[in-house]
file structure_31.csv (CSV, N, CA and C atoms)
chain,number,residue,atom,x,y,z
G,1,MET,N,166.4,80.9,218.6
G,1,MET,CA,165.1,80.5,218.8
G,1,MET,C,164.3,80.7,217.5
G,2,LEU,N,164.4,81.9,217.0
G,2,LEU,CA,163.7,82.3,215.8
G,2,LEU,C,164.1,81.4,214.6
G,3,ARG,N,165.4,81.1,214.5
G,3,ARG,CA,165.9,80.2,213.5
G,3,ARG,C,165.2,78.8,213.5
G,4,LYS,N,165.0,78.3,214.7
G,4,LYS,CA,164.4,77.0,214.9
G,4,LYS,C,163.0,77.0,214.4
G,5,THR,N,162.2,78.0,214.5
G,5,THR,CA,160.8,78.0,214.1
G,5,THR,C,160.7,78.4,212.6
G,6,ILE,N,161.6,79.1,212.0
G,6,ILE,CA,161.5,79.5,210.6
G,6,ILE,C,161.8,78.3,209.7
G,7,LEU,N,162.8,77.5,210.0
G,7,LEU,CA,163.1,76.4,209.2
G,7,LEU,C,162.0,75.4,209.0
G,8,PRO,N,161.3,75.0,210.0
G,8,PRO,CA,160.2,74.1,209.8
G,8,PRO,C,159.0,74.7,209.0
G,9,LEU,N,158.8,76.0,209.2
G,9,LEU,CA,157.8,76.7,208.5
G,9,LEU,C,158.2,76.8,207.0
G,10,ALA,N,159.4,77.0,206.7
G,10,ALA,CA,159.9,77.1,205.3
G,10,ALA,C,159.7,75.8,204.7
G,11,VAL,N,160.0,74.7,205.4
G,11,VAL,CA,159.9,73.3,204.8
G,11,VAL,C,158.4,73.0,204.5
G,12,ILE,N,157.6,73.4,205.4
G,12,ILE,CA,156.1,73.2,205.2
G,12,ILE,C,155.7,74.0,204.0
G,13,PHE,N,156.1,75.3,203.9
G,13,PHE,CA,155.7,76.1,202.8
G,13,PHE,C,156.1,75.5,201.5
G,14,VAL,N,157.4,75.1,201.4
G,14,VAL,CA,157.9,74.5,200.2
G,14,VAL,C,157.2,73.2,199.8
G,15,ALA,N,156.8,72.4,200.8
G,15,ALA,CA,156.1,71.2,200.6
G,15,ALA,C,154.7,71.5,200.0
G,16,ILE,N,154.0,72.5,200.6
G,16,ILE,CA,152.7,72.8,200.1
G,16,ILE,C,152.8,73.4,198.7
G,17,TRP,N,153.8,74.2,198.4
G,17,TRP,CA,154.0,74.8,197.1
G,17,TRP,C,154.2,73.7,196.1
G,18,ALA,N,155.1,72.8,196.4
G,18,ALA,CA,155.5,71.7,195.5
G,18,ALA,C,154.3,70.8,195.2
G,19,THR,N,153.5,70.5,196.2
G,19,THR,CA,152.3,69.7,196.0
G,19,THR,C,151.3,70.4,195.1
G,20,ALA,N,151.1,71.7,195.3
G,20,ALA,CA,150.2,72.5,194.5
G,20,ALA,C,150.7,72.5,193.0
G,21,LYS,N,152.0,72.7,192.9
G,21,LYS,CA,152.6,72.8,191.5
G,21,LYS,C,152.4,71.5,190.8
G,22,ALA,N,152.6,70.4,191.5
G,22,ALA,CA,152.5,69.1,190.9
G,22,ALA,C,151.0,68.8,190.4
G,23,GLN,N,150.1,69.4,191.1
G,23,GLN,CA,148.7,69.1,190.8
G,23,GLN,C,148.2,70.0,189.6
G,24,GLU,N,148.9,71.0,189.2
G,24,GLU,CA,148.5,71.8,188.1
G,24,GLU,C,148.6,71.1,186.8
G,25,PRO,N,147.6,71.2,185.9
G,25,PRO,CA,147.7,70.5,184.6
G,25,PRO,C,148.9,71.1,183.8
G,26,SER,N,149.7,70.2,183.2
G,26,SER,CA,150.8,70.6,182.5
G,26,SER,C,150.4,71.0,181.1
G,27,VAL,N,151.3,71.7,180.3
G,27,VAL,CA,151.0,72.1,179.0
G,27,VAL,C,150.8,70.9,178.1
G,28,VAL,N,151.5,69.8,178.3
G,28,VAL,CA,151.3,68.6,177.5
G,28,VAL,C,149.9,68.0,177.8
G,29,GLU,N,149.5,68.0,179.0
G,29,GLU,CA,148.2,67.4,179.3
G,29,GLU,C,147.0,68.1,178.7
G,30,ASN,N,147.1,69.4,178.6
G,30,ASN,CA,145.9,70.1,178.1
G,30,ASN,C,146.1,70.5,176.7
G,31,GLY,N,147.0,69.9,175.9
G,31,GLY,CA,147.1,70.1,174.5
G,31,GLY,C,147.8,71.4,174.1
G,32,ALA,N,148.7,71.8,175.0
G,32,ALA,CA,149.6,73.0,174.7
G,32,ALA,C,148.8,74.2,174.4
G,33,GLY,N,147.6,74.4,175.1
G,33,GLY,CA,146.9,75.6,174.9
G,33,GLY,C,146.0,75.6,173.7
G,34,LYS,N,145.9,74.5,173.0
G,34,LYS,CA,145.0,74.5,171.8
G,34,LYS,C,143.6,74.2,172.2
G,35,THR,N,142.7,74.7,171.4
G,35,THR,CA,141.3,74.4,171.6
G,35,THR,C,141.0,73.0,171.3
G,36,LEU,N,139.9,72.5,171.7
G,36,LEU,CA,139.4,71.2,171.4
G,36,LEU,C,139.3,70.9,169.9
G,37,GLU,N,138.8,71.9,169.2
G,37,GLU,CA,138.7,71.8,167.7
G,37,GLU,C,140.0,71.7,167.1
G,38,GLU,N,141.0,72.5,167.6
G,38,GLU,CA,142.3,72.5,167.0
G,38,GLU,C,143.0,71.2,167.2
G,39,GLN,N,142.8,70.6,168.4
G,39,GLN,CA,143.4,69.3,168.7
G,39,GLN,C,142.8,68.2,167.8
G,40,VAL,N,141.5,68.3,167.6
G,40,VAL,CA,140.8,67.3,166.7
G,40,VAL,C,141.3,67.4,165.3
G,41,ALA,N,141.4,68.7,164.8
G,41,ALA,CA,141.8,68.9,163.4
G,41,ALA,C,143.2,68.4,163.2
G,42,GLN,N,144.1,68.7,164.2
G,42,GLN,CA,145.5,68.3,164.1
G,42,GLN,C,145.6,66.7,164.1
G,43,TYR,N,144.9,66.1,164.9
G,43,TYR,CA,145.0,64.6,165.0
G,43,TYR,C,144.4,64.0,163.7
G,44,LYS,N,143.3,64.5,163.2
G,44,LYS,CA,142.7,64.0,162.0
G,44,LYS,C,143.6,64.2,160.8
G,45,ALA,N,144.3,65.4,160.7
G,45,ALA,CA,145.2,65.6,159.7
G,45,ALA,C,146.4,64.6,159.7
G,46,THR,N,146.9,64.3,161.0
G,46,THR,CA,148.0,63.4,161.1
G,46,THR,C,147.6,62.0,160.7
G,47,VAL,N,146.4,61.5,161.1
G,47,VAL,CA,146.0,60.2,160.7
G,47,VAL,C,145.8,60.1,159.2
G,48,LEU,N,145.2,61.1,158.6
G,48,LEU,CA,145.0,61.1,157.1
G,48,LEU,C,146.4,61.2,156.4
G,49,LEU,N,147.3,61.9,156.9
G,49,LEU,CA,148.7,62.0,156.3
G,49,LEU,C,149.4,60.7,156.4
G,50,VAL,N,149.3,60.0,157.5
G,50,VAL,CA,149.9,58.7,157.6
G,50,VAL,C,149.3,57.7,156.6
G,51,LEU,N,148.0,57.7,156.5
G,51,LEU,CA,147.4,56.8,155.5
G,51,LEU,C,147.8,57.2,154.1
G,52,ALA,N,147.8,58.5,153.8
G,52,ALA,CA,148.2,58.9,152.5
G,52,ALA,C,149.6,58.6,152.1
G,53,ASN,N,150.5,58.7,153.1
G,53,ASN,CA,151.9,58.4,152.9
G,53,ASN,C,152.1,56.9,152.7
G,54,ARG,N,151.3,56.1,153.5
G,54,ARG,CA,151.3,54.6,153.3
G,54,ARG,C,150.8,54.2,152.0
G,55,SER,N,149.9,54.9,151.4
G,55,SER,CA,149.3,54.5,150.1
G,55,SER,C,150.2,54.8,148.9
G,56,THR,N,151.3,55.5,149.1
G,56,THR,CA,152.2,55.9,148.0
G,56,THR,C,152.9,54.7,147.4
G,57,SER,N,153.0,53.6,148.1
G,57,SER,CA,153.6,52.4,147.5
G,57,SER,C,152.7,51.5,146.7
G,58,LEU,N,151.4,52.0,146.6
G,58,LEU,CA,150.4,51.2,145.8
G,58,LEU,C,150.4,51.7,144.4
G,59,PRO,N,150.1,50.7,143.4
G,59,PRO,CA,150.0,51.1,142.0
G,59,PRO,C,148.9,52.1,141.8
G,60,ALA,N,149.0,52.8,140.7
G,60,ALA,CA,148.0,53.9,140.4
G,60,ALA,C,146.6,53.3,140.2
G,61,GLU,N,146.5,52.1,139.7
G,61,GLU,CA,145.2,51.5,139.5
G,61,GLU,C,144.4,51.2,140.8
G,62,ASN,N,145.1,51.3,141.9
G,62,ASN,CA,144.4,51.2,143.2
G,62,ASN,C,143.9,52.5,143.8
G,63,ALA,N,144.1,53.6,143.0
G,63,ALA,CA,143.7,54.9,143.5
G,63,ALA,C,142.2,55.0,144.0
G,64,PRO,N,141.3,54.4,143.2
G,64,PRO,CA,139.9,54.4,143.7
G,64,PRO,C,139.7,53.8,145.1
G,65,MET,N,140.4,52.7,145.3
G,65,MET,CA,140.3,52.0,146.6
G,65,MET,C,141.0,52.8,147.7
G,66,VAL,N,142.1,53.4,147.4
G,66,VAL,CA,142.8,54.3,148.3
G,66,VAL,C,141.9,55.4,148.7
G,67,ALA,N,141.2,56.0,147.8
G,67,ALA,CA,140.3,57.1,148.1
G,67,ALA,C,139.2,56.7,149.0
G,68,LEU,N,138.7,55.5,148.8
G,68,LEU,CA,137.7,54.9,149.6
G,68,LEU,C,138.2,54.7,151.0
G,69,VAL,N,139.4,54.2,151.2
G,69,VAL,CA,140.0,54.0,152.5
G,69,VAL,C,140.1,55.3,153.2
G,70,LEU,N,140.6,56.3,152.5
G,70,LEU,CA,140.7,57.7,153.1
G,70,LEU,C,139.3,58.3,153.5
G,71,GLU,N,138.4,58.0,152.6
G,71,GLU,CA,137.0,58.6,152.9
G,71,GLU,C,136.4,57.9,154.2
G,72,VAL,N,136.6,56.6,154.3
G,72,VAL,CA,136.1,55.8,155.4
G,72,VAL,C,136.8,56.3,156.7
G,73,ALA,N,138.1,56.5,156.6
G,73,ALA,CA,138.8,57.0,157.8
G,73,ALA,C,138.3,58.4,158.2
G,74,THR,N,138.1,59.2,157.2
G,74,THR,CA,137.6,60.6,157.5
G,74,THR,C,136.2,60.5,158.2
G,75,GLN,N,135.3,59.7,157.7
G,75,GLN,CA,134.0,59.5,158.3
G,75,GLN,C,134.1,59.0,159.7
G,76,GLN,N,135.0,58.0,159.9
G,76,GLN,CA,135.2,57.5,161.3
G,76,GLN,C,135.7,58.6,162.2
G,77,LEU,N,136.7,59.4,161.8
G,77,LEU,CA,137.2,60.5,162.6
G,77,LEU,C,136.2,61.5,162.9
G,78,ASP,N,135.4,61.8,161.9
G,78,ASP,CA,134.3,62.8,162.1
G,78,ASP,C,133.3,62.3,163.1
G,79,TRP,N,133.0,61.0,163.0
G,79,TRP,CA,132.1,60.4,164.0
G,79,TRP,C,132.7,60.4,165.4
G,80,CYS,N,134.0,60.1,165.5
G,80,CYS,CA,134.7,60.2,166.8
G,80,CYS,C,134.6,61.7,167.4
G,81,ALA,N,134.8,62.6,166.5
G,81,ALA,CA,134.7,64.0,166.9
G,81,ALA,C,133.3,64.5,167.4
G,82,ALA,N,132.3,63.9,166.8
G,82,ALA,CA,131.0,64.3,167.1
G,82,ALA,C,130.6,63.9,168.5
G,83,GLU,N,131.3,62.9,169.1
G,83,GLU,CA,131.0,62.4,170.4
G,83,GLU,C,131.8,63.2,171.5
G,84,LEU,N,132.6,64.1,171.0
G,84,LEU,CA,133.5,64.9,171.9
G,84,LEU,C,132.9,66.1,172.5
G,85,GLU,N,132.9,66.3,173.8
G,85,GLU,CA,132.3,67.5,174.4
G,85,GLU,C,133.3,68.3,175.3
G,86,THR,N,134.3,67.6,175.9
G,86,THR,CA,135.2,68.3,176.8
G,86,THR,C,136.6,68.0,176.5
G,87,HIS,N,137.5,68.8,177.0
G,87,HIS,CA,139.0,68.5,176.9
G,87,HIS,C,139.4,67.2,177.5
G,88,GLN,N,138.7,66.8,178.5
G,88,GLN,CA,139.0,65.5,179.2
G,88,GLN,C,138.7,64.3,178.3
G,89,GLN,N,137.9,64.5,177.3
G,89,GLN,CA,137.5,63.4,176.4
G,89,GLN,C,138.5,63.3,175.2
G,90,ILE,N,139.5,64.1,175.1
G,90,ILE,CA,140.4,64.1,173.9
G,90,ILE,C,141.1,62.8,173.8
G,91,TRP,N,141.4,62.1,174.9
G,91,TRP,CA,142.0,60.8,174.9
G,91,TRP,C,141.1,59.7,174.3
G,92,GLN,N,139.8,59.9,174.6
G,92,GLN,CA,138.8,59.0,174.0
G,92,GLN,C,138.8,59.2,172.5
G,93,TYR,N,138.8,60.4,172.1
G,93,TYR,CA,138.9,60.7,170.7
G,93,TYR,C,140.1,60.1,170.0
G,94,LYS,N,141.2,60.2,170.7
G,94,LYS,CA,142.5,59.7,170.1
G,94,LYS,C,142.4,58.2,170.0
G,95,MET,N,141.8,57.5,171.0
G,95,MET,CA,141.6,56.1,171.0
G,95,MET,C,140.7,55.7,169.8
G,96,CYS,N,139.7,56.4,169.6
G,96,CYS,CA,138.8,56.2,168.5
G,96,CYS,C,139.5,56.4,167.2
G,97,GLY,N,140.3,57.5,167.1
G,97,GLY,CA,141.0,57.8,165.9
G,97,GLY,C,142.1,56.8,165.6
G,98,SER,N,142.7,56.2,166.7
G,98,SER,CA,143.7,55.2,166.5
G,98,SER,C,143.1,53.9,165.9
G,99,ALA,N,141.8,53.6,166.2
G,99,ALA,CA,141.1,52.5,165.6
G,99,ALA,C,140.9,52.8,164.1
G,100,ALA,N,140.6,54.0,163.8
G,100,ALA,CA,140.4,54.4,162.4
G,100,ALA,C,141.7,54.2,161.6
G,101,LEU,N,142.8,54.6,162.3
G,101,LEU,CA,144.1,54.5,161.6
G,101,LEU,C,144.5,53.1,161.4
G,102,GLN,N,144.3,52.2,162.4
G,102,GLN,CA,144.6,50.8,162.3
G,102,GLN,C,143.8,50.1,161.2
G,103,GLN,N,142.5,50.5,161.1
G,103,GLN,CA,141.7,49.9,160.1
G,103,GLN,C,142.2,50.3,158.7
G,104,GLY,N,142.5,51.6,158.6
G,104,GLY,CA,143.0,52.1,157.3
G,104,GLY,C,144.3,51.5,156.9
G,105,LEU,N,145.2,51.4,157.9
G,105,LEU,CA,146.5,50.7,157.5
G,105,LEU,C,146.3,49.3,157.2
G,106,ALA,N,145.4,48.6,157.8
G,106,ALA,CA,145.1,47.2,157.5
G,106,ALA,C,144.6,47.1,156.1
G,107,ALA,N,143.7,48.0,155.7
G,107,ALA,CA,143.1,48.0,154.4
G,107,ALA,C,144.1,48.3,153.3
G,108,LEU,N,145.0,49.2,153.6
G,108,LEU,CA,146.0,49.5,152.6
G,108,LEU,C,147.0,48.4,152.5
G,109,SER,N,147.3,47.7,153.6
G,109,SER,CA,148.2,46.5,153.5
G,109,SER,C,147.6,45.4,152.7
G,110,SER,N,146.3,45.2,152.9
G,110,SER,CA,145.6,44.2,152.1
G,110,SER,C,145.6,44.6,150.6
G,111,LEU,N,145.4,45.9,150.3
G,111,LEU,CA,145.5,46.3,148.9
G,111,LEU,C,146.9,46.1,148.3
G,112,GLN,N,147.9,46.4,149.2
G,112,GLN,CA,149.3,46.2,148.7
G,112,GLN,C,149.6,44.7,148.5
G,113,ALA,N,149.1,43.9,149.3
G,113,ALA,CA,149.4,42.4,149.1
G,113,ALA,C,148.6,41.9,147.9
G,114,ALA,N,147.4,42.4,147.7
G,114,ALA,CA,146.6,41.9,146.5
G,114,ALA,C,147.2,42.4,145.2
G,115,SER,N,147.8,43.6,145.2
G,115,SER,CA,148.4,44.1,144.0
G,115,SER,C,149.8,43.7,143.8
G,116,GLY,N,150.4,43.1,144.8
G,116,GLY,CA,151.8,42.6,144.6
G,116,GLY,C,152.8,43.8,144.7
G,117,ALA,N,152.4,44.9,145.3
G,117,ALA,CA,153.3,46.1,145.4
G,117,ALA,C,154.3,45.8,146.5
G,118,THR,N,155.5,46.4,146.3
G,118,THR,CA,156.5,46.3,147.4
G,118,THR,C,156.1,47.1,148.6
G,119,PRO,N,156.3,46.5,149.8
G,119,PRO,CA,156.0,47.2,151.0
G,119,PRO,C,156.8,48.5,151.1
G,120,SER,N,156.2,49.5,151.7
G,120,SER,CA,156.9,50.7,151.9
G,120,SER,C,157.8,50.6,153.1
G,121,GLY,N,159.0,51.1,153.1
G,121,GLY,CA,159.9,51.0,154.2
G,121,GLY,C,159.6,52.0,155.3
G,122,THR,N,158.7,53.0,155.0
G,122,THR,CA,158.5,54.1,155.9
G,122,THR,C,157.5,53.7,157.0
G,123,PHE,N,156.5,52.9,156.7
G,123,PHE,CA,155.5,52.6,157.7
G,123,PHE,C,155.4,51.1,157.8

call {"tool": "encode", "arguments": {"input": "structure_31.csv", "output": "structure tokens"}}
result
Amino acid sequence: MLRKTILPLAVIFVAIWATAKAQEPSVVENGAGKTLEEQVAQYKATVLLVLANRSTSLPAENAPMVALVLEVATQQLDWCAAELETHQQIWQYKMCGSAALQQGLAALSSLQAASGATPSGTF
């Protein structure tokens, strides 16, 4: 008799525990324990690194324009960060940052086409 009542209780307990565990935010969702500022700084550095790496295939005479593209991207990322208040908004920041990245890559591609430089195989 006791065995018949313990099994359903154990199943209910496991179901409740599994549901609660599934609802906990994961490490990936909350930025691996990083502060909001650290996440913003990391994403900004990544975007600027991608743009800098993409610009390596451009001739040296395009350096002033490359610097301008990087400056505009920096300003856009700073503007995106200024709108950020909570961890839940980090995805909005990343969407805003992705737009800055796309605009920067498009500008660098235009510079590359105008200068006749060979496309970079990396990006």

call {"tool": "atom_distance", "arguments": {"input": "structure_31.csv", "atom1": "atom C of Tyr43 of chain G", "atom2": "atom C of Met65 of chain G"}}
result
19.8 Å

call {"tool": "closest_residue", "arguments": {"input": "structure_31.csv", "among": "G:Leu58, G:Ala82, G:Ala52, G:Ala73", "to": "Gln103 of chain G", "atoms": "all atoms listed in the file"}}
result
G:Ala73

call {"tool": "closest_residue", "arguments": {"input": "structure_31.csv", "among": "G:Gln76, G:Gln42, G:Ser110, G:Thr56", "to": "Cys96 of chain G", "atoms": "only N, CA and C atoms"}}
result
G:Gln76

call {"tool": "closest_residue", "arguments": {"input": "structure_31.csv", "among": "G:Glu61, G:Leu84, G:Gly116, G:Val50", "to": "Gly104 of chain G", "atoms": "all atoms listed in the file"}}
result
G:Val50

call {"tool": "closest_residue", "arguments": {"input": "structure_31.csv", "among": "G:Ser98, G:Ser109, G:Ser115, G:Thr35", "to": "Val47 of chain G", "atoms": "only C-alpha atoms"}}
result
G:Ser98

call {"tool": "atom_distance", "arguments": {"input": "structure_31.csv", "atom1": "atom N of Leu70 of chain G", "atom2": "atom C of Leu51 of chain G"}}
result
7.4 Å

call {"tool": "select_by_dssp", "arguments": {"input": "structure_31.csv", "residues": "segment 20-92 of chain G", "states": "alpha helix (DSSP H)", "output": "PyMOL selection string"}}
result
chain G and resi 20-23+36-54+63-82+90-92

call {"tool": "write_last_selection", "arguments": {"input": "structure_31.csv", "atoms": "N, CA and C atoms", "output": "short mmCIF file (atom, residue, chain, number, x, y, z; two decimals), in the frame of the given file"}}
result
data_model
loop_
_atom_site.label_atom_id
_atom_site.label_comp_id
_atom_site.auth_asym_id
_atom_site.auth_seq_id
_atom_site.Cartn_x
_atom_site.Cartn_y
_atom_site.Cartn_z
N ALA G 20 151.10 71.70 195.30
CA ALA G 20 150.20 72.50 194.50
C ALA G 20 150.70 72.50 193.00
N LYS G 21 152.00 72.70 192.90
CA LYS G 21 152.60 72.80 191.50
C LYS G 21 152.40 71.50 190.80
N ALA G 22 152.60 70.40 191.50
CA ALA G 22 152.50 69.10 190.90
C ALA G 22 151.00 68.80 190.40
N GLN G 23 150.10 69.40 191.10
CA GLN G 23 148.70 69.10 190.80
C GLN G 23 148.20 70.00 189.60
N LEU G 36 139.90 72.50 171.70
CA LEU G 36 139.40 71.20 171.40
C LEU G 36 139.30 70.90 169.90
N GLU G 37 138.80 71.90 169.20
CA GLU G 37 138.70 71.80 167.70
C GLU G 37 140.00 71.70 167.10
N GLU G 38 141.00 72.50 167.60
CA GLU G 38 142.30 72.50 167.00
C GLU G 38 143.00 71.20 167.20
N GLN G 39 142.80 70.60 168.40
CA GLN G 39 143.40 69.30 168.70
C GLN G 39 142.80 68.20 167.80
N VAL G 40 141.50 68.30 167.60
CA VAL G 40 140.80 67.30 166.70
C VAL G 40 141.30 67.40 165.30
N ALA G 41 141.40 68.70 164.80
CA ALA G 41 141.80 68.90 163.40
C ALA G 41 143.20 68.40 163.20
N GLN G 42 144.10 68.70 164.20
CA GLN G 42 145.50 68.30 164.10
C GLN G 42 145.60 66.70 164.10
N TYR G 43 144.90 66.10 164.90
CA TYR G 43 145.00 64.60 165.00
C TYR G 43 144.40 64.00 163.70
N LYS G 44 143.30 64.50 163.20
CA LYS G 44 142.70 64.00 162.00
C LYS G 44 143.60 64.20 160.80
N ALA G 45 144.30 65.40 160.70
CA ALA G 45 145.20 65.60 159.70
C ALA G 45 146.40 64.60 159.70
N THR G 46 146.90 64.30 161.00
CA THR G 46 148.00 63.40 161.10
C THR G 46 147.60 62.00 160.70
N VAL G 47 146.40 61.50 161.10
CA VAL G 47 146.00 60.20 160.70
C VAL G 47 145.80 60.10 159.20
N LEU G 48 145.20 61.10 158.60
CA LEU G 48 145.00 61.10 157.10
C LEU G 48 146.40 61.20 156.40
N LEU G 49 147.30 61.90 156.90
CA LEU G 49 148.70 62.00 156.30
C LEU G 49 149.40 60.70 156.40
N VAL G 50 149.30 60.00 157.50
CA VAL G 50 149.90 58.70 157.60
C VAL G 50 149.30 57.70 156.60
N LEU G 51 148.00 57.70 156.50
CA LEU G 51 147.40 56.80 155.50
C LEU G 51 147.80 57.20 154.10
N ALA G 52 147.80 58.50 153.80
CA ALA G 52 148.20 58.90 152.50
C ALA G 52 149.60 58.60 152.10
N ASN G 53 150.50 58.70 153.10
CA ASN G 53 151.90 58.40 152.90
C ASN G 53 152.10 56.90 152.70
N ARG G 54 151.30 56.10 153.50
CA ARG G 54 151.30 54.60 153.30
C ARG G 54 150.80 54.20 152.00
N ALA G 63 144.10 53.60 143.00
CA ALA G 63 143.70 54.90 143.50
C ALA G 63 142.20 55.00 144.00
N PRO G 64 141.30 54.40 143.20
CA PRO G 64 139.90 54.40 143.70
C PRO G 64 139.70 53.80 145.10
N MET G 65 140.40 52.70 145.30
CA MET G 65 140.30 52.00 146.60
C MET G 65 141.00 52.80 147.70
N VAL G 66 142.10 53.40 147.40
CA VAL G 66 142.80 54.30 148.30
C VAL G 66 141.90 55.40 148.70
N ALA G 67 141.20 56.00 147.80
CA ALA G 67 140.30 57.10 148.10
C ALA G 67 139.20 56.70 149.00
N LEU G 68 138.70 55.50 148.80
CA LEU G 68 137.70 54.90 149.60
C LEU G 68 138.20 54.70 151.00
N VAL G 69 139.40 54.20 151.20
CA VAL G 69 140.00 54.00 152.50
C VAL G 69 140.10 55.30 153.20
N LEU G 70 140.60 56.30 152.50
CA LEU G 70 140.70 57.70 153.10
C LEU G 70 139.30 58.30 153.50
N GLU G 71 138.40 58.00 152.60
CA GLU G 71 137.00 58.60 152.90
C GLU G 71 136.40 57.90 154.20
N VAL G 72 136.60 56.60 154.30
CA VAL G 72 136.10 55.80 155.40
C VAL G 72 136.80 56.30 156.70
N ALA G 73 138.10 56.50 156.60
CA ALA G 73 138.80 57.00 157.80
C ALA G 73 138.30 58.40 158.20
N THR G 74 138.10 59.20 157.20
CA THR G 74 137.60 60.60 157.50
C THR G 74 136.20 60.50 158.20
N GLN G 75 135.30 59.70 157.70
CA GLN G 75 134.00 59.50 158.30
C GLN G 75 134.10 59.00 159.70
N GLN G 76 135.00 58.00 159.90
CA GLN G 76 135.20 57.50 161.30
C GLN G 76 135.70 58.60 162.20
N LEU G 77 136.70 59.40 161.80
CA LEU G 77 137.20 60.50 162.60
C LEU G 77 136.20 61.50 162.90
N ASP G 78 135.40 61.80 161.90
CA ASP G 78 134.30 62.80 162.10
C ASP G 78 133.30 62.30 163.10
N TRP G 79 133.00 61.00 163.00
CA TRP G 79 132.10 60.40 164.00
C TRP G 79 132.70 60.40 165.40
N CYS G 80 134.00 60.10 165.50
CA CYS G 80 134.70 60.20 166.80
C CYS G 80 134.60 61.70 167.40
N ALA G 81 134.80 62.60 166.50
CA ALA G 81 134.70 64.00 166.90
C ALA G 81 133.30 64.50 167.40
N ALA G 82 132.30 63.90 166.80
CA ALA G 82 131.00 64.30 167.10
C ALA G 82 130.60 63.90 168.50
N ILE G 90 139.50 64.10 175.10
CA ILE G 90 140.40 64.10 173.90
C ILE G 90 141.10 62.80 173.80
N TRP G 91 141.40 62.10 174.90
CA TRP G 91 142.00 60.80 174.90
C TRP G 91 141.10 59.70 174.30
N GLN G 92 139.80 59.90 174.60
CA GLN G 92 138.80 59.00 174.00
C GLN G 92 138.80 59.20 172.50
#

call {"tool": "atom_distance", "arguments": {"input": "structure_31.csv", "atom1": "atom N of Lys44 of chain G", "atom2": "atom N of Ala106 of chain G"}}
result
16.9 Å
